[in-house]
file target_12.pdb (PDB, C-alpha atoms, pLDDT in the B column)
ATOM      1  CA  MET O   1     294.851 141.007  33.213  1.00 89.00           C
ATOM      2  CA  ARG O   2     298.407 139.803  33.057  1.00 93.00           C
ATOM      3  CA  TRP O   3     301.516 141.721  32.040  1.00 95.00           C
ATOM      4  CA  HIS O   4     304.424 140.434  29.986  1.00 95.00           C
ATOM      5  CA  ASN O   5     307.658 140.788  31.983  1.00 93.00           C
ATOM      6  CA  ASN O   6     309.479 142.682  29.223  1.00 94.00           C
ATOM      7  CA  LEU O   7     306.850 145.035  27.845  1.00 97.00           C
ATOM      8  CA  TYR O   8     307.298 146.552  24.423  1.00 98.00           C
ATOM      9  CA  VAL O   9     306.957 150.309  24.842  1.00 98.00           C
ATOM     10  CA  ARG O  10     306.697 153.289  22.526  1.00 97.00           C
ATOM     11  CA  SER O  11     306.688 156.919  23.740  1.00 96.00           C
ATOM     12  CA  ILE O  12     305.852 156.131  27.374  1.00 97.00           C
ATOM     13  CA  LYS O  13     307.998 157.949  29.956  1.00 94.00           C
ATOM     14  CA  SER O  14     307.102 155.988  33.092  1.00 96.00           C
ATOM     15  CA  VAL O  15     305.979 152.434  32.394  1.00 96.00           C
ATOM     16  CA  GLU O  16     305.438 151.627  36.077  1.00 96.00           C
ATOM     17  CA  ARG O  17     303.234 154.682  36.550  1.00 96.00           C
ATOM     18  CA  VAL O  18     301.115 153.802  33.506  1.00 96.00           C
ATOM     19  CA  LYS O  19     300.770 150.201  34.699  1.00 96.00           C
ATOM     20  CA  TRP O  20     299.725 151.413  38.156  1.00 96.00           C
ATOM     21  CA  LYS O  21     297.092 153.718  36.677  1.00 95.00           C
ATOM     22  CA  ILE O  22     295.677 150.962  34.489  1.00 94.00           C
ATOM     23  CA  GLU O  23     295.579 148.494  37.378  1.00 92.00           C
ATOM     24  CA  HIS O  24     293.835 151.066  39.610  1.00 93.00           C
ATOM     25  CA  LYS O  25     291.289 152.122  36.967  1.00 90.00           C
ATOM     26  CA  ALA O  26     292.661 155.646  36.633  1.00 87.00           C
ATOM     27  CA  GLY O  27     291.861 157.249  33.315  1.00 76.00           C
ATOM     28  CA  LEU O  28     294.640 157.686  30.811  1.00 90.00           C
ATOM     29  CA  VAL O  29     294.210 159.649  27.608  1.00 89.00           C
ATOM     30  CA  GLU O  30     296.142 158.632  24.517  1.00 95.00           C
ATOM     31  CA  VAL O  31     297.650 155.480  26.012  1.00 97.00           C
ATOM     32  CA  TYR O  32     297.032 152.253  24.138  1.00 98.00           C
ATOM     33  CA  VAL O  33     297.534 148.703  25.331  1.00 97.00           C
ATOM     34  CA  ILE O  34     298.675 145.913  23.001  1.00 98.00           C
ATOM     35  CA  THR O  35     297.527 142.421  23.956  1.00 97.00           C
ATOM     36  CA  LEU O  36     297.739 138.946  22.538  1.00 96.00           C
ATOM     37  CA  SER O  37     294.625 138.355  20.491  1.00 94.00           C
ATOM     38  CA  ARG O  38     291.846 136.237  21.898  1.00 88.00           C
ATOM     39  CA  ARG O  39     290.413 135.722  18.408  1.00 88.00           C
ATOM     40  CA  LYS O  40     291.430 132.779  16.291  1.00 87.00           C
ATOM     41  CA  GLY O  41     293.473 133.898  13.312  1.00 85.00           C
ATOM     42  CA  SER O  42     294.427 137.280  14.795  1.00 91.00           C
ATOM     43  CA  LEU O  43     297.827 138.174  16.175  1.00 96.00           C
ATOM     44  CA  LEU O  44     297.539 141.195  18.460  1.00 97.00           C
ATOM     45  CA  GLU O  45     294.835 143.607  19.592  1.00 96.00           C
ATOM     46  CA  ILE O  46     295.010 147.312  20.423  1.00 97.00           C
ATOM     47  CA  TYR O  47     292.826 148.756  23.189  1.00 95.00           C
ATOM     48  CA  PRO O  48     292.584 152.356  24.357  1.00 96.00           C
ATOM     49  CA  SER O  49     293.652 152.103  27.996  1.00 95.00           C
ATOM     50  CA  TYR O  50     290.453 153.744  29.234  1.00 93.00           C
ATOM     51  CA  THR O  51     288.467 150.707  28.026  1.00 92.00           C
ATOM     52  CA  LEU O  52     290.274 148.668  30.678  1.00 90.00           C
ATOM     53  CA  MET O  53     288.317 150.585  33.304  1.00 89.00           C
ATOM     54  CA  GLN O  54     285.221 148.594  32.260  1.00 87.00           C
ATOM     55  CA  SER O  55     284.628 145.492  34.361  1.00 83.00           C
ATOM     56  CA  HIS O  56     283.636 143.248  31.439  1.00 82.00           C
ATOM     57  CA  ILE O  57     286.938 144.032  29.700  1.00 82.00           C
ATOM     58  CA  ARG O  58     288.988 143.671  32.897  1.00 76.00           C
ATOM     59  CA  SER O  59     287.434 140.286  33.602  1.00 78.00           C
ATOM     60  CA  GLN O  60     288.799 138.875  30.346  1.00 86.00           C
ATOM     61  CA  ASP O  61     292.144 137.138  30.491  1.00 87.00           C
ATOM     62  CA  LEU O  62     294.118 139.802  28.643  1.00 93.00           C
ATOM     63  CA  TYR O  63     297.854 139.296  28.285  1.00 95.00           C
ATOM     64  CA  ILE O  64     299.402 142.726  27.829  1.00 96.00           C
ATOM     65  CA  VAL O  65     302.610 142.792  25.805  1.00 97.00           C
ATOM     66  CA  GLY O  66     302.960 146.487  24.987  1.00 98.00           C
ATOM     67  CA  LEU O  67     302.107 150.098  25.770  1.00 98.00           C
ATOM     68  CA  ALA O  68     302.155 153.108  23.467  1.00 98.00           C
ATOM     69  CA  ARG O  69     301.245 156.772  23.631  1.00 98.00           C
ATOM     70  CA  GLY O  70     298.998 157.567  20.665  1.00 98.00           C
ATOM     71  CA  TYR O  71     297.311 155.291  18.174  1.00 98.00           C
ATOM     72  CA  ARG O  72     299.946 155.792  15.468  1.00 98.00           C
ATOM     73  CA  ASN O  73     302.651 154.688  17.921  1.00 98.00           C
ATOM     74  CA  ALA O  74     300.512 151.680  18.889  1.00 98.00           C
ATOM     75  CA  LEU O  75     300.270 150.652  15.232  1.00 98.00           C
ATOM     76  CA  GLU O  76     304.022 151.063  14.800  1.00 98.00           C
ATOM     77  CA  LEU O  77     304.665 149.029  17.940  1.00 98.00           C
ATOM     78  CA  VAL O  78     302.439 146.212  16.685  1.00 98.00           C
ATOM     79  CA  ARG O  79     304.348 146.235  13.388  1.00 98.00           C
ATOM     80  CA  SER O  80     307.663 146.082  15.277  1.00 98.00           C
ATOM     81  CA  ILE O  81     306.513 143.189  17.462  1.00 98.00           C
ATOM     82  CA  ILE O  82     305.267 141.155  14.499  1.00 98.00           C
ATOM     83  CA  GLU O  83     308.465 141.876  12.587  1.00 98.00           C
ATOM     84  CA  GLU O  84     310.585 140.732  15.546  1.00 97.00           C
ATOM     85  CA  VAL O  85     308.529 137.559  15.961  1.00 96.00           C
ATOM     86  CA  TYR O  86     308.924 136.719  12.270  1.00 97.00           C
ATOM     87  CA  ASN O  87     312.656 137.486  12.211  1.00 97.00           C
ATOM     88  CA  GLU O  88     313.336 135.353  15.279  1.00 95.00           C
ATOM     89  CA  THR O  89     311.013 132.417  14.591  1.00 94.00           C
ATOM     90  CA  GLY O  90     310.298 132.425  10.867  1.00 96.00           C
ATOM     91  CA  SER O  91     306.573 132.342  11.645  1.00 95.00           C
ATOM     92  CA  LEU O  92     303.806 134.654  12.763  1.00 95.00           C
ATOM     93  CA  ARG O  93     302.926 132.626  15.871  1.00 94.00           C
ATOM     94  CA  VAL O  94     302.940 135.584  18.232  1.00 95.00           C
ATOM     95  CA  ASP O  95     301.163 133.519  20.882  1.00 92.00           C
ATOM     96  CA  LEU O  96     303.947 130.923  20.981  1.00 92.00           C
ATOM     97  CA  PHE O  97     306.635 133.591  20.914  1.00 94.00           C
ATOM     98  CA  PHE O  98     305.320 135.140  24.128  1.00 93.00           C
ATOM     99  CA  LYS O  99     304.672 131.780  25.792  1.00 84.00           C
ATOM    100  CA  GLU O 100     308.315 130.941  25.263  1.00 56.00           C
ATOM    101  CA  GLY O 101     309.317 134.136  27.092  1.00 54.00           C
ATOM    102  CA  ALA O 102     310.585 136.448  24.378  1.00 47.00           C
TER     103      ALA O 102
END
call {"tool": "encode", "arguments": {"input": "target_12.pdb", "output": "structure tokens"}}
result
Amino acid sequence: MRWHNNLYVRSIKSVERVKWKIEHKAGLVEVYVITLSRRKGSLLEIYPSYTLMQSHIRSQDLYIVGLARGYRNALELVRSIIEEVYNETGSLRVDLFFKEGA
């Protein structure tokens, strides 16, 4: 698991506390993690943070770009990220946008 330096956040009071809990496998209810997609043709993925407690998920090379409290906020955050990527680059290459250090 890797974290983007400038996380996109929606309705999270203490980002550092949430990151610490995720990294230490503490359960979090209603917190969702937005990652770059590992699937060809997809842009971003949304995971409930509690799924990151599972070793087979943690072992994957997830690149976390955002955190949100509640699924609706996670969807809105994904929309905002994609909109920003398109407005700044003219494309939907989210992967390249984050590699270039958005």
call {"tool": "resolve_selection", "arguments": {"input": "target_12.pdb", "expression": "the PyMOL selection byres ((chain O and resi 68-73) around 7)", "output": "NGL selection string"}}
result
:O and (9-12 or 30-33 or 66-67 or 74-77)
call {"tool": "atom_distance", "arguments": {"input": "target_12.pdb", "atom1": "CA of Leu62 (chain O)", "atom2": "CA of Arg2 (chain O)"}}
result
6.2 Å
call {"tool": "residues_around", "arguments": {"input": "target_12.pdb", "residues": "Met1 (chain O)", "least_positions_apart": "3", "cutoff": "12 Å", "atoms": "only C-alpha atoms", "output": "list in words"}}
result
His4, Lys19, Ile22, Glu23, His24, Val33, Ile34, Thr35, Leu36, Leu52, Met53, Ser55, His56, Ile57, Arg58, Ser59, Gln60, Asp61, Leu62, Tyr63, Ile64 and Val65 of chain O
call {"tool": "atom_distance", "arguments": {"input": "target_12.pdb", "atom1": "CA of Gly27 (chain O)", "atom2": "CA of Gln54 (chain O)"}}
result
11.0 Å
call {"tool": "resolve_selection", "arguments": {"input": "target_12.pdb", "expression": "the PyMOL selection byres ((chain O and resi 92) around 12)", "output": "number ranges by chain"}}
result
O: 41-44, 79, 81-91, 93-98
call {"tool": "residues_around", "arguments": {"input": "target_12.pdb", "residues": "Trp20 (chain O)", "least_positions_apart": "6", "cutoff": "12 Å", "atoms": "all atoms listed in the file", "output": "PDB file with C-alpha atoms, in the frame of the given file"}}
result
ATOM      1  CA  TRP O   3     301.516 141.721  32.040  1.00 95.00           C
ATOM      2  CA  SER O  14     307.102 155.988  33.092  1.00 96.00           C
ATOM      3  CA  ALA O  26     292.661 155.646  36.633  1.00 87.00           C
ATOM      4  CA  GLY O  27     291.861 157.249  33.315  1.00 76.00           C
ATOM      5  CA  LEU O  28     294.640 157.686  30.811  1.00 90.00           C
ATOM      6  CA  SER O  49     293.652 152.103  27.996  1.00 95.00           C
TER       7      SER O  49
END
call {"tool": "atom_distance", "arguments": {"input": "target_12.pdb", "atom1": "CA of Val78 (chain O)", "atom2": "CA of Arg38 (chain O)"}}
result
15.5 Å
